[in-house]
file target-v3.cif (mmCIF, C-alpha atoms and all ligand atoms)
data_run
#
loop_
_atom_site.label_atom_id
_atom_site.label_comp_id
_atom_site.auth_asym_id
_atom_site.auth_seq_id
_atom_site.Cartn_x
_atom_site.Cartn_y
_atom_site.Cartn_z
CA MET A 13 113.02 96.36 83.99
CA LYS A 14 114.37 92.84 83.76
CA LYS A 15 113.26 89.92 85.91
CA GLY A 16 115.74 89.72 88.77
CA GLY A 17 117.48 92.88 87.51
CA LYS A 18 117.15 95.41 90.33
CA THR A 19 117.27 94.37 93.95
CA GLY A 20 116.23 97.48 95.93
CA PRO A 21 112.65 98.24 96.97
CA VAL A 22 110.21 99.55 94.34
CA TRP A 23 106.76 101.10 94.67
CA ALA A 24 104.30 98.54 93.34
CA LEU A 25 100.56 99.00 92.95
CA GLY A 26 98.36 95.95 93.55
CA ALA A 27 94.72 95.50 92.56
CA MET A 28 92.15 92.95 93.61
CA SER A 29 88.57 92.32 92.55
CA GLY A 30 87.18 89.78 95.00
CA THR A 31 84.46 87.16 94.75
CA SER A 32 81.84 89.36 96.46
CA LEU A 33 81.94 91.68 93.42
CA ASP A 34 81.66 94.89 95.41
CA GLY A 35 84.42 96.63 93.48
CA VAL A 36 88.16 96.97 92.94
CA ASP A 37 90.68 97.68 95.73
CA ALA A 38 94.09 99.11 94.88
CA ALA A 39 97.05 99.80 97.16
CA MET A 40 100.72 100.72 96.90
CA VAL A 41 103.52 98.88 98.68
CA LEU A 42 107.23 99.70 98.77
CA THR A 43 109.00 96.36 98.70
CA ASP A 44 111.97 94.45 97.37
CA GLY A 45 109.79 91.33 97.13
CA ALA A 46 111.11 90.01 100.44
CA THR A 47 110.42 92.59 103.13
CA ILE A 48 107.73 95.27 103.24
CA ALA A 49 109.45 98.67 103.55
CA GLU A 50 106.31 100.83 103.62
CA PHE A 51 102.62 100.85 102.78
CA GLY A 52 101.45 103.65 100.46
CA PRO A 53 98.17 105.19 99.36
CA HIS A 54 95.14 103.11 98.49
CA ALA A 55 91.79 103.58 96.76
CA TYR A 56 88.58 101.75 95.98
CA ARG A 57 86.26 101.85 93.00
CA PRO A 58 82.86 100.17 93.36
CA TYR A 59 81.33 98.44 90.37
CA THR A 60 78.09 99.93 89.12
CA GLU A 61 75.03 97.64 89.21
CA ALA A 62 75.29 97.25 85.42
CA GLU A 63 78.98 96.29 85.62
CA ARG A 64 78.24 93.82 88.41
CA ALA A 65 75.50 92.19 86.33
CA THR A 66 77.86 91.81 83.35
CA ILE A 67 80.51 90.13 85.52
CA ARG A 68 77.97 87.97 87.34
CA ALA A 69 76.65 86.72 83.99
CA ALA A 70 80.12 85.32 83.29
CA PHE A 71 80.57 83.48 86.62
CA GLY A 72 81.41 79.85 85.99
CA GLN A 73 82.29 80.49 82.32
CA TRP A 74 85.62 79.94 80.61
CA PRO A 75 87.49 81.91 77.89
CA GLY A 76 85.77 81.70 74.53
CA ASP A 77 82.35 82.42 75.98
CA PRO A 78 81.02 85.86 74.90
CA ALA A 79 79.97 86.61 78.47
CA VAL A 80 83.63 86.32 79.50
CA ALA A 81 84.77 88.87 76.90
CA ALA A 82 82.14 91.33 78.15
CA ALA A 83 83.16 90.77 81.79
CA ALA A 84 86.86 91.17 80.92
CA GLU A 85 86.18 94.52 79.29
CA VAL A 86 84.35 95.77 82.39
CA VAL A 87 87.16 94.54 84.65
CA GLU A 88 89.89 96.12 82.48
CA THR A 89 88.05 99.47 82.26
CA ALA A 90 87.36 99.63 86.02
CA HIS A 91 90.99 98.80 86.82
CA ALA A 92 92.37 101.29 84.27
CA GLU A 93 90.18 104.03 85.78
CA LEU A 94 91.23 103.26 89.36
CA LEU A 95 94.92 102.52 88.82
CA SER A 96 95.51 105.60 86.65
CA ARG A 97 94.77 107.78 89.73
CA PHE A 98 98.08 106.71 91.34
CA THR A 99 101.47 108.33 90.72
CA GLY A 100 105.03 107.22 91.46
CA VAL A 101 104.31 103.59 90.60
CA GLU A 102 106.94 101.36 88.98
CA LEU A 103 104.80 98.34 88.25
CA ALA A 104 101.31 97.00 88.86
CA GLY A 105 100.07 93.61 90.07
CA PHE A 106 96.69 92.81 88.54
CA HIS A 107 94.79 89.84 89.99
CA GLY A 108 91.73 90.24 87.74
CA GLN A 109 88.34 88.75 88.59
CA THR A 110 88.03 85.02 89.22
CA LEU A 111 85.20 83.70 87.06
CA ALA A 112 85.84 80.00 87.50
CA HIS A 113 88.16 77.91 89.68
CA ASP A 114 88.47 74.18 89.11
CA PRO A 115 92.12 73.29 89.74
CA ALA A 116 91.57 69.54 89.44
CA GLY A 117 89.66 69.93 86.17
CA ARG A 118 89.58 72.83 83.74
CA GLY A 119 91.99 75.03 85.70
CA THR A 120 91.49 78.52 87.04
CA HIS A 121 90.36 81.62 85.23
CA GLN A 122 90.74 85.27 86.21
CA CYS A 123 89.33 87.59 83.56
CA GLY A 124 91.04 90.80 82.45
CA ASP A 125 94.04 91.05 80.14
CA GLY A 126 97.21 92.45 81.73
CA ALA A 127 98.54 93.52 78.32
CA VAL A 128 95.50 95.78 77.82
CA LEU A 129 96.04 97.27 81.29
CA ALA A 130 99.78 97.77 80.67
CA GLU A 131 98.94 99.79 77.55
CA ALA A 132 96.27 101.80 79.35
CA LEU A 133 98.56 102.62 82.30
CA GLY A 134 101.90 102.85 80.51
CA LEU A 135 103.33 100.55 83.20
CA PRO A 136 104.63 96.98 83.39
CA VAL A 137 101.77 94.82 84.65
CA VAL A 138 102.19 91.45 86.35
CA TRP A 139 99.06 89.30 86.00
CA ASP A 140 97.75 85.74 85.55
CA PHE A 141 99.19 84.84 88.96
CA ARG A 142 97.45 81.49 89.38
CA SER A 143 97.66 79.44 86.20
CA THR A 144 101.31 78.31 86.37
CA ASP A 145 100.73 76.91 89.83
CA VAL A 146 97.63 75.00 88.60
CA ALA A 147 99.49 73.78 85.49
CA MET A 148 102.13 72.35 87.84
CA GLY A 149 99.52 70.50 89.88
CA GLY A 150 98.84 73.12 92.58
CA GLN A 151 95.52 74.60 93.70
CA GLY A 152 96.42 78.06 92.33
CA ALA A 153 95.07 79.49 95.62
CA PRO A 154 95.42 80.90 98.16
CA LEU A 155 98.27 83.21 97.08
CA ALA A 156 98.13 85.78 99.88
CA PRO A 157 100.11 83.52 102.31
CA PHE A 158 103.55 84.65 101.08
CA PHE A 159 102.42 88.21 101.82
CA HIS A 160 101.02 87.16 105.21
CA HIS A 161 104.48 85.79 105.99
CA ALA A 162 106.03 89.19 105.16
CA CYS A 163 103.34 90.90 107.30
CA ALA A 164 104.07 88.61 110.25
CA ARG A 165 107.74 89.57 110.08
CA LEU A 166 106.87 93.26 109.62
CA ILE A 167 104.77 93.35 112.80
CA GLY A 168 107.55 91.61 114.72
CA ALA A 169 105.56 88.52 115.65
CA ASP A 170 107.76 86.32 117.85
CA GLY A 171 105.96 83.00 117.38
CA PRO A 172 103.38 81.29 115.18
CA LEU A 173 100.23 83.25 114.36
CA ALA A 174 97.43 82.92 111.84
CA PHE A 175 95.77 85.19 109.30
CA LEU A 176 92.17 84.59 108.35
CA ASN A 177 90.60 86.22 105.30
CA LEU A 178 86.80 86.30 105.54
CA GLY A 179 85.71 87.09 101.99
CA GLY A 180 83.14 85.18 99.95
CA VAL A 181 84.97 82.07 101.11
CA GLY A 182 87.44 81.92 103.99
CA ASN A 183 91.15 81.30 103.81
CA LEU A 184 93.54 80.63 106.63
CA THR A 185 97.32 81.05 106.77
CA TRP A 186 99.43 79.63 109.60
CA VAL A 187 102.83 81.39 109.75
CA ASP A 188 106.03 80.75 111.65
CA PRO A 189 107.74 84.14 111.36
CA ALA A 190 111.01 82.77 112.74
CA ILE A 191 111.62 81.11 109.36
CA ALA A 192 112.97 83.77 107.01
CA GLU A 193 111.90 82.36 103.63
CA PRO A 194 108.17 81.79 103.04
CA HIS A 195 108.81 78.69 100.93
CA ALA A 196 111.21 77.09 103.42
CA PRO A 197 109.76 73.98 105.07
CA GLY A 198 107.76 74.82 108.18
CA ALA A 199 107.21 78.51 107.42
CA LEU A 200 103.62 78.35 106.17
CA LEU A 201 100.49 76.25 105.96
CA ALA A 202 97.54 77.72 104.05
CA PHE A 203 94.20 76.66 102.65
CA ASP A 204 90.62 77.75 102.06
CA THR A 205 88.50 76.98 105.13
CA GLY A 206 84.99 76.82 103.67
CA PRO A 207 82.13 79.20 103.03
CA ALA A 208 82.42 82.60 104.73
CA ASN A 209 80.25 85.56 103.69
CA ALA A 210 78.91 84.34 100.33
CA PRO A 211 76.05 82.15 101.66
CA VAL A 212 74.97 84.86 104.16
CA ASN A 213 75.00 87.46 101.35
CA ASP A 214 72.96 85.14 99.12
CA LEU A 215 70.37 84.65 101.87
CA MET A 216 70.06 88.40 102.54
CA GLN A 217 69.67 88.98 98.80
CA ARG A 218 67.01 86.29 98.43
CA HIS A 219 64.87 87.38 101.36
CA PHE A 220 65.47 91.12 101.71
CA ALA A 221 67.20 92.29 98.47
CA LYS A 222 70.16 93.35 100.67
CA SER A 223 73.77 92.66 99.74
CA GLN A 224 74.94 91.68 103.25
CA ASP A 225 73.94 91.20 106.88
CA GLU A 226 75.22 94.56 108.18
CA GLY A 227 77.33 93.97 111.29
CA GLY A 228 75.82 90.48 111.59
CA ALA A 229 72.75 92.13 113.20
CA PHE A 230 70.20 89.88 111.48
CA ALA A 231 72.05 86.66 112.35
CA ALA A 232 72.22 87.89 115.95
CA THR A 233 68.41 87.73 116.14
CA GLY A 234 68.31 84.04 115.12
CA LYS A 235 69.31 80.75 116.72
CA ALA A 236 72.01 78.62 115.08
CA ASP A 237 70.94 75.03 114.39
CA ALA A 238 73.63 72.92 116.07
CA ALA A 239 72.60 69.71 114.29
CA ALA A 240 72.77 71.42 110.87
CA ILE A 241 76.25 72.74 111.67
CA GLU A 242 77.43 69.31 112.74
CA ALA A 243 75.93 67.72 109.60
CA PHE A 244 77.58 70.33 107.38
CA LEU A 245 80.99 69.63 108.94
CA ARG A 246 80.70 66.05 107.64
CA HIS A 247 81.13 67.40 104.06
CA ALA A 248 84.05 65.66 102.30
CA TYR A 249 85.94 68.96 102.00
CA PHE A 250 86.62 69.00 105.74
CA PHE A 251 88.27 65.59 105.56
CA ARG A 252 90.73 66.64 102.85
CA MET A 253 94.21 67.49 104.05
CA PRO A 254 95.43 71.01 103.21
CA PRO A 255 96.46 72.69 100.98
CA LYS A 256 93.01 72.87 99.35
CA SER A 257 91.00 75.60 97.68
CA LEU A 258 87.39 76.41 96.81
CA ASP A 259 85.22 78.10 94.24
CA ARG A 260 82.61 80.56 95.57
CA ASN A 261 79.68 78.24 94.90
CA ASP A 262 81.21 74.90 95.94
CA PHE A 263 78.87 74.63 98.95
CA THR A 264 75.65 75.98 97.41
CA GLN A 265 74.12 72.51 97.20
CA ALA A 266 75.37 71.39 100.61
CA LEU A 267 73.74 74.44 102.22
CA ALA A 268 70.45 74.31 100.28
CA GLY A 269 68.75 72.30 103.07
CA LEU A 270 68.97 75.33 105.39
CA GLU A 271 66.30 77.05 103.29
CA THR A 272 63.68 75.26 105.38
CA LEU A 273 64.78 77.23 108.48
CA ALA A 274 63.30 80.63 109.32
CA PRO A 275 65.53 83.25 107.61
CA LYS A 276 66.93 84.61 110.89
CA ASP A 277 67.84 81.08 112.07
CA ALA A 278 69.32 80.27 108.65
CA ALA A 279 71.43 83.45 108.88
CA ALA A 280 72.57 82.51 112.39
CA THR A 281 73.41 78.98 111.22
CA LEU A 282 75.32 80.13 108.11
CA THR A 283 77.27 82.65 110.19
CA ALA A 284 78.16 79.96 112.73
CA ILE A 285 79.07 77.57 109.91
CA ALA A 286 81.64 80.06 108.58
CA ALA A 287 83.25 80.15 112.03
CA ALA A 288 82.95 76.40 112.58
CA ALA A 289 84.72 75.74 109.26
CA VAL A 290 87.60 77.97 110.41
CA ALA A 291 87.81 76.12 113.74
CA LYS A 292 87.86 72.83 111.83
CA GLY A 293 90.68 74.24 109.68
CA ALA A 294 92.63 75.31 112.76
CA GLU A 295 92.89 71.63 113.73
CA HIS A 296 95.49 71.38 110.93
CA PHE A 297 97.82 73.99 112.50
CA PRO A 298 101.26 72.44 113.00
CA ARG A 299 101.59 74.26 116.34
CA PRO A 300 99.28 76.51 118.39
CA VAL A 301 99.11 80.19 117.49
CA SER A 302 99.33 83.23 119.79
CA ARG A 303 96.59 85.10 117.87
CA LEU A 304 94.37 84.92 114.82
CA LEU A 305 94.29 88.15 112.81
CA VAL A 306 91.17 88.57 110.69
CA THR A 307 91.11 90.42 107.39
CA GLY A 308 88.41 90.83 104.72
CA GLY A 309 84.85 92.10 105.06
CA GLY A 310 83.75 89.40 107.52
CA ARG A 311 85.69 91.10 110.32
CA HIS A 312 82.91 93.72 110.30
CA ASN A 313 80.36 91.00 111.09
CA ALA A 314 80.23 91.06 114.91
CA THR A 315 78.23 87.83 115.04
CA MET A 316 80.78 85.96 112.91
CA MET A 317 83.63 87.37 115.01
CA ARG A 318 81.89 86.31 118.23
CA GLU A 319 81.32 82.80 116.86
CA LEU A 320 85.01 82.62 115.95
CA GLY A 321 86.06 83.77 119.41
CA GLN A 322 83.92 81.04 120.98
CA ARG A 323 85.28 78.29 118.76
CA LEU A 324 89.02 79.07 118.81
CA ASP A 325 91.35 78.88 121.77
CA CYS A 326 93.37 81.99 120.94
CA PRO A 327 92.54 85.71 120.72
CA VAL A 328 90.64 86.56 117.51
CA GLU A 329 91.23 90.14 116.40
CA PRO A 330 90.88 92.24 113.27
CA VAL A 331 94.26 92.81 111.55
CA GLU A 332 93.97 96.47 112.55
CA ALA A 333 94.98 95.30 116.05
CA ALA A 334 98.41 94.66 114.52
CA GLY A 335 98.49 97.94 112.57
CA LEU A 336 97.49 96.40 109.21
CA ASP A 337 94.61 97.45 106.93
CA GLY A 338 92.04 94.68 106.53
CA ASP A 339 90.30 96.34 103.60
CA MET A 340 93.50 96.56 101.59
CA LEU A 341 95.46 93.45 102.52
CA GLU A 342 94.58 91.53 99.33
CA ALA A 343 95.41 94.47 97.04
CA GLN A 344 98.68 94.94 98.94
CA ALA A 345 99.35 91.22 98.56
CA PHE A 346 99.21 91.46 94.78
CA ALA A 347 101.55 94.49 94.81
CA TYR A 348 104.02 92.44 96.86
CA LEU A 349 103.58 89.32 94.71
CA ALA A 350 104.09 91.40 91.53
CA VAL A 351 107.54 92.40 92.75
CA ARG A 352 108.32 88.78 93.59
CA VAL A 353 107.35 87.74 90.06
CA LEU A 354 109.45 90.54 88.59
CA ARG A 355 112.45 89.41 90.66
CA GLY A 356 111.99 85.73 89.80
CA LEU A 357 111.02 84.76 93.37
CA PRO A 358 108.42 82.07 94.16
CA THR A 359 104.85 83.04 94.99
CA SER A 360 103.54 79.64 96.13
CA CYS A 361 104.92 76.38 97.51
CA PRO A 362 103.82 72.87 98.54
CA THR A 363 102.36 74.06 101.86
CA THR A 364 100.34 76.96 100.41
CA THR A 365 98.86 75.57 97.19
CA GLY A 366 100.05 71.96 97.13
CA VAL A 367 102.24 72.63 94.09
CA PRO A 368 105.03 70.01 94.03
CA ALA A 369 107.83 72.61 94.29
CA ALA A 370 108.01 76.35 95.02
CA VAL A 371 107.00 78.28 91.93
CA GLY A 372 106.67 81.88 90.76
CA GLY A 373 103.56 82.31 88.64
CA GLY A 374 102.51 85.38 86.70
CA GLN A 375 103.04 86.91 83.30
CA ILE A 376 104.65 90.31 82.82
CA SER A 377 103.23 92.61 80.13
CA ARG A 378 104.98 95.83 79.26
CA PRO A 379 103.28 98.76 77.54
CA ASP A 380 105.57 98.60 74.53
CA GLN A 381 105.30 94.82 74.20
CA PRO A 382 101.66 93.79 74.39
CA ALA A 383 101.36 90.00 74.84
N1 LIG B 1 79.83 95.98 107.73
C1 LIG B 1 79.70 94.70 107.37
N2 LIG B 1 78.87 93.88 108.03
C2 LIG B 1 78.71 92.59 107.70
N3 LIG B 1 79.39 92.01 106.67
C3 LIG B 1 80.23 92.79 105.98
C4 LIG B 1 80.44 94.15 106.28
N4 LIG B 1 81.36 94.64 105.41
C5 LIG B 1 81.68 93.62 104.60
N5 LIG B 1 81.01 92.50 104.93
C6 LIG B 1 81.05 91.19 104.26
O1 LIG B 1 82.29 91.05 103.63
C7 LIG B 1 82.10 90.80 102.22
C8 LIG B 1 83.21 91.45 101.44
O2 LIG B 1 84.42 90.95 101.92
P1 LIG B 1 85.74 91.07 101.05
O3 LIG B 1 85.76 92.40 100.40
O4 LIG B 1 86.84 90.67 101.94
O5 LIG B 1 85.44 89.94 100.00
P2 LIG B 1 86.11 89.67 98.62
O6 LIG B 1 87.52 90.16 98.64
O7 LIG B 1 85.24 90.18 97.56
O8 LIG B 1 86.06 88.08 98.61
P3 LIG B 1 87.23 87.00 98.42
O9 LIG B 1 88.27 87.33 99.44
O10 LIG B 1 86.48 85.72 98.70
O11 LIG B 1 87.64 87.15 97.01
C9 LIG B 1 80.75 91.41 101.90
O12 LIG B 1 80.18 90.78 100.77
C10 LIG B 1 79.98 91.13 103.20
O13 LIG B 1 79.45 89.84 103.18
C1 LIG B 2 90.58 81.31 92.94
C2 LIG B 2 90.42 82.54 93.75
O1 LIG B 2 90.30 83.64 93.22
N1 LIG B 2 90.44 82.38 95.07
C3 LIG B 2 90.32 83.51 95.99
C4 LIG B 2 88.99 83.45 96.72
O2 LIG B 2 88.88 84.52 97.66
C5 LIG B 2 89.36 84.03 98.93
C6 LIG B 2 89.84 82.65 98.63
O3 LIG B 2 88.97 82.30 97.54
C7 LIG B 2 91.30 82.61 98.12
O4 LIG B 2 91.59 81.29 97.75
C8 LIG B 2 91.52 83.47 96.89
O5 LIG B 2 91.91 84.79 97.11
C9 LIG B 2 92.96 85.21 97.93
C10 LIG B 2 93.29 86.63 97.66
C11 LIG B 2 94.25 84.41 97.80
O6 LIG B 2 94.59 83.90 96.74
O7 LIG B 2 94.98 84.37 98.80
#
call {"tool": "encode", "arguments": {"input": "target-v3.cif", "output": "structure tokens", "more": "lines below"}}
Ligand SMILES: Nc1ncnc2c1ncn2[C@@H]1O[C@H](COP(=O)(O)OP(=O)(O)OP(=O)(O)O)[C@@H](O)[C@H]1O
Ligand SMILES: CC(=O)N[C@H]1[C@@H]2OC[C@@H](O2)[C@@H](O)[C@@H]1O[C@H](C)C(=O)O
result
Amino acid sequence: MKKGGKTGPVWALGAMSGTSLDGVDAAMVLTDGATIAEFGPHAYRPYTEAERATIRAAFGQWPGDPAVAAAAEVVETAHAELLSRFTGVELAGFHGQTLAHDPAGRGTHQCGDGAVLAEALGLPVVWDFRSTDVAMGGQGAPLAPFFHHACARLIGADGPLAFLNLGGVGNLTWVDPAIAEPHAPGALLAFDTGPANAPVNDLMQRHFAKSQDEGGAFAATGKADAAAIEAFLRHAYFFRMPPKSLDRNDFTQALAGLETLAPKDAAATLTAIAAAAVAKGAEHFPRPVSRLLVTGGGRHNATMMRELGQRLDCPVEPVEAAGLDGDMLEAQAFAYLAVRVLRGLPTSCPTTTGVPAAVGGGQISRPDQPA
């Protein structure tokens, strides 16, 4: 397959390993790189505790460090196992696992080698989606917005709406679906909002050896500290104009003061902070939205969803309300973006990553031509 060669829809398989390190999501999408024709099967493979520990040991490290090589091997093996279960796939989009993200400094680093995966699967693999954007002066993230634009058109939205991904950090995409091309001026505005689930997970781990606050039930028993929320919103990040992006631990220090609160009040405050950061982000919307569709694991946190509803002046709903699958949206995004890379179409633009001009990132590795 040549870049830009075929023009009809192809079945692409996308895979994402997110910052919360629960596991790998994979999903098929039939697309020509512009419109979504159909969503296909999907699957999930959790990491084992041992695998998670190996990857966690490499967080914050850059290529050359032995911990990174060990993490990359785990990521490649887990993806090969999961992706080989699918049939009828023409190409795969492999995000890899972000280990470090410092667009203004050392760059961005997703571990896992697409050439190794291409060999293992016998398929062309599109990977390394973020580094071209960063090399050109962009944030390298978020990249899902071009897919959100295609989703907005798929669901027939007739005016501006927003997508919110509540993962380890939050990211928000404002879309005007009336504009046909995602990189045309006025179609998109996207950026990371602030901390989402990561600080709540860390607190639950520290105090109760639990990976998350199931349903937001623990936070619901506490009282959010309004002064702490207000103080947190004075962090310099909230005064930066979008596009802007974050690393998972960018707010660890800023949130350390909350450790003096009782755990239930700290959980309530961190949960409210995630929502308050989104509301702060929504102040950047070019025009009001009719709804905010929430994807990512945070949509299962009823306390976080309630806080969002109270802080935003539009309906806040899980993406399922629009017929989309919030557990698979990121994997589907990388299937869609893989086809865009294959066809030579851009995957980011000034209003999504701050890159000076629309750009298509990604490398393509084919099984017979390892990189
Ligand atoms: N039932 C639930 N109740 C409360 N929180 C939940 C629930 N399910 C998932 N979460 C939260 O969502 C997180 C996982 O979200 P998701 O899978 O979207 O993150 P990710 O893709 O790994 O992160 P990112 O998008 O930042 O890369 C969990 O770590 C947890 O904090
Ligand atoms: C550098 C990196 O991996 N960023 C992730 C992370 O997880 C959420 C948020 O931070 C977002 O910026 C991005 O992922 C999504 C899939 C994106 O690029 O749109």
call {"tool": "atom_distance", "arguments": {"input": "target-v3.cif", "atom1": "atom CA of A:Phe263", "atom2": "atom CA of A:Pro207"}}
result
6.9 Å
call {"tool": "closest_residue", "arguments": {"input": "target-v3.cif", "among": "A:Trp74, A:Phe158, A:Tyr56, A:Trp23", "to": "ligand LIG 1 (chain B)", "atoms": "only C-alpha atoms and all ligand atoms"}}
result
A:Tyr56
call {"tool": "closest_atom_pairs", "arguments": {"input": "target-v3.cif", "of": "chain A", "to": "ligand LIG 1 (chain B)", "cutoff": "7 Å", "atoms": "all atoms listed in the file", "output": "CSV"}}
result
residue,atom,partner,partner_atom,distance
A:Ser29,CA,B:LIG1,O7,6.4
A:Gly30,CA,B:LIG1,O7,3.2
A:Thr31,CA,B:LIG1,O11,3.9
A:Ser32,CA,B:LIG1,O7,3.7
A:Leu33,CA,B:LIG1,O7,5.5
A:Asp34,CA,B:LIG1,O7,6.3
A:Asn177,CA,B:LIG1,O9,6.4
A:Leu178,CA,B:LIG1,O4,5.7
A:Gly179,CA,B:LIG1,O5,3.5
A:Gly180,CA,B:LIG1,O10,3.6
A:Val181,CA,B:LIG1,O10,4.6
A:Gly182,CA,B:LIG1,O10,6.6
A:Asn209,CA,B:LIG1,O13,4.4
A:Ala210,CA,B:LIG1,O13,6.2
A:Val212,CA,B:LIG1,O13,6.8
A:Asn213,CA,B:LIG1,O13,5.4
A:Ser223,CA,B:LIG1,O12,6.8
A:Gln224,CA,B:LIG1,O13,4.9
A:Asp225,CA,B:LIG1,C2,5.0
A:Glu226,CA,B:LIG1,N2,3.7
A:Gly227,CA,B:LIG1,N2,3.6
A:Gly228,CA,B:LIG1,C2,5.3
A:Thr307,CA,B:LIG1,O4,6.9
A:Gly308,CA,B:LIG1,O4,3.2
A:Gly309,CA,B:LIG1,O1,3.1
A:Gly310,CA,B:LIG1,O1,4.5
A:His312,CA,B:LIG1,C1,4.5
A:Asn313,CA,B:LIG1,C2,4.1
A:Asp339,CA,B:LIG1,O3,6.8
call {"tool": "residues_near_ligand", "arguments": {"input": "target-v3.cif", "ligand": "ligand LIG 2 (chain B)", "cutoff": "6 Å", "atoms": "only C-alpha atoms and all ligand atoms", "output": "compact mmCIF listing (two decimals) with C-alpha atoms, keeping the file's coordinate frame"}}
result
# COMPACT_ATOMS: atom_id res chain seq x y z
CA THR A 31 84.46 87.16 94.75
CA THR A 110 88.03 85.02 89.22
CA HIS A 113 88.16 77.91 89.68
CA ALA A 153 95.07 79.49 95.62
CA PRO A 154 95.42 80.90 98.16
CA LEU A 155 98.27 83.21 97.08
CA ALA A 156 98.13 85.78 99.88
CA GLY A 179 85.71 87.09 101.99
CA VAL A 181 84.97 82.07 101.11
CA GLY A 182 87.44 81.92 103.99
CA ASN A 183 91.15 81.30 103.81
CA ASP A 204 90.62 77.75 102.06
CA SER A 257 91.00 75.60 97.68
CA GLU A 342 94.58 91.53 99.33
call {"tool": "residues_near_point", "arguments": {"input": "target-v3.cif", "point": "(80.2, 87.7, 76.6)", "cutoff": "12 Å", "atoms": "all atoms listed in the file", "output": "ChimeraX atom specification"}}
result
/A:65-71,73-86,123
call {"tool": "closest_atom_pairs", "arguments": {"input": "target-v3.cif", "of": "stretch 189-250 of chain A", "to": "stretch 359-363 of chain A", "cutoff": "10 Å", "atoms": "only C-alpha atoms", "output": "Markdown table"}}
result
| residue | atom | partner | partner_atom | distance |
| --- | --- | --- | --- | --- |
| A:Pro194 | CA | A:Cys361 | CA | 8.4 |
| A:His195 | CA | A:Cys361 | CA | 5.7 |
| A:Ala196 | CA | A:Cys361 | CA | 8.7 |
| A:Pro197 | CA | A:Thr363 | CA | 8.1 |
| A:Gly198 | CA | A:Thr363 | CA | 8.3 |
| A:Ala199 | CA | A:Thr363 | CA | 8.6 |
| A:Leu200 | CA | A:Thr363 | CA | 6.2 |
| A:Leu201 | CA | A:Thr363 | CA | 5.0 |
| A:Ala202 | CA | A:Thr363 | CA | 6.4 |
| A:Phe203 | CA | A:Thr363 | CA | 8.6 |
call {"tool": "write_last_selection", "arguments": {"input": "target-v3.cif", "atoms": "C-alpha atoms", "output": "CSV table (one decimal), in the frame of the given file"}}
result
chain,number,residue,atom,x,y,z
A,194,PRO,CA,108.2,81.8,103.0
A,195,HIS,CA,108.8,78.7,100.9
A,196,ALA,CA,111.2,77.1,103.4
A,197,PRO,CA,109.8,74.0,105.1
A,198,GLY,CA,107.8,74.8,108.2
A,199,ALA,CA,107.2,78.5,107.4
A,200,LEU,CA,103.6,78.4,106.2
A,201,LEU,CA,100.5,76.2,106.0
A,202,ALA,CA,97.5,77.7,104.0
A,203,PHE,CA,94.2,76.7,102.6
call {"tool": "residues_around", "arguments": {"input": "target-v3.cif", "residues": "A:Phe230", "least_positions_apart": "2", "cutoff": "12 Å", "atoms": "only C-alpha atoms", "output": "VMD selection string"}}
result
chain A and resid 212 to 213 215 to 216 219 to 220 222 224 to 228 232 to 236 274 to 283 313 to 316
call {"tool": "axis_aligned_box", "arguments": {"input": "target-v3.cif", "around": "stretch 317-325 of chain A", "padding_each_side": "4 Å", "output": "AutoDock Vina command-line options"}}
result
--center_x 86.3 --center_y 82.8 --center_z 118.4 --size_x 18.0 --size_y 17.1 --size_z 14.8
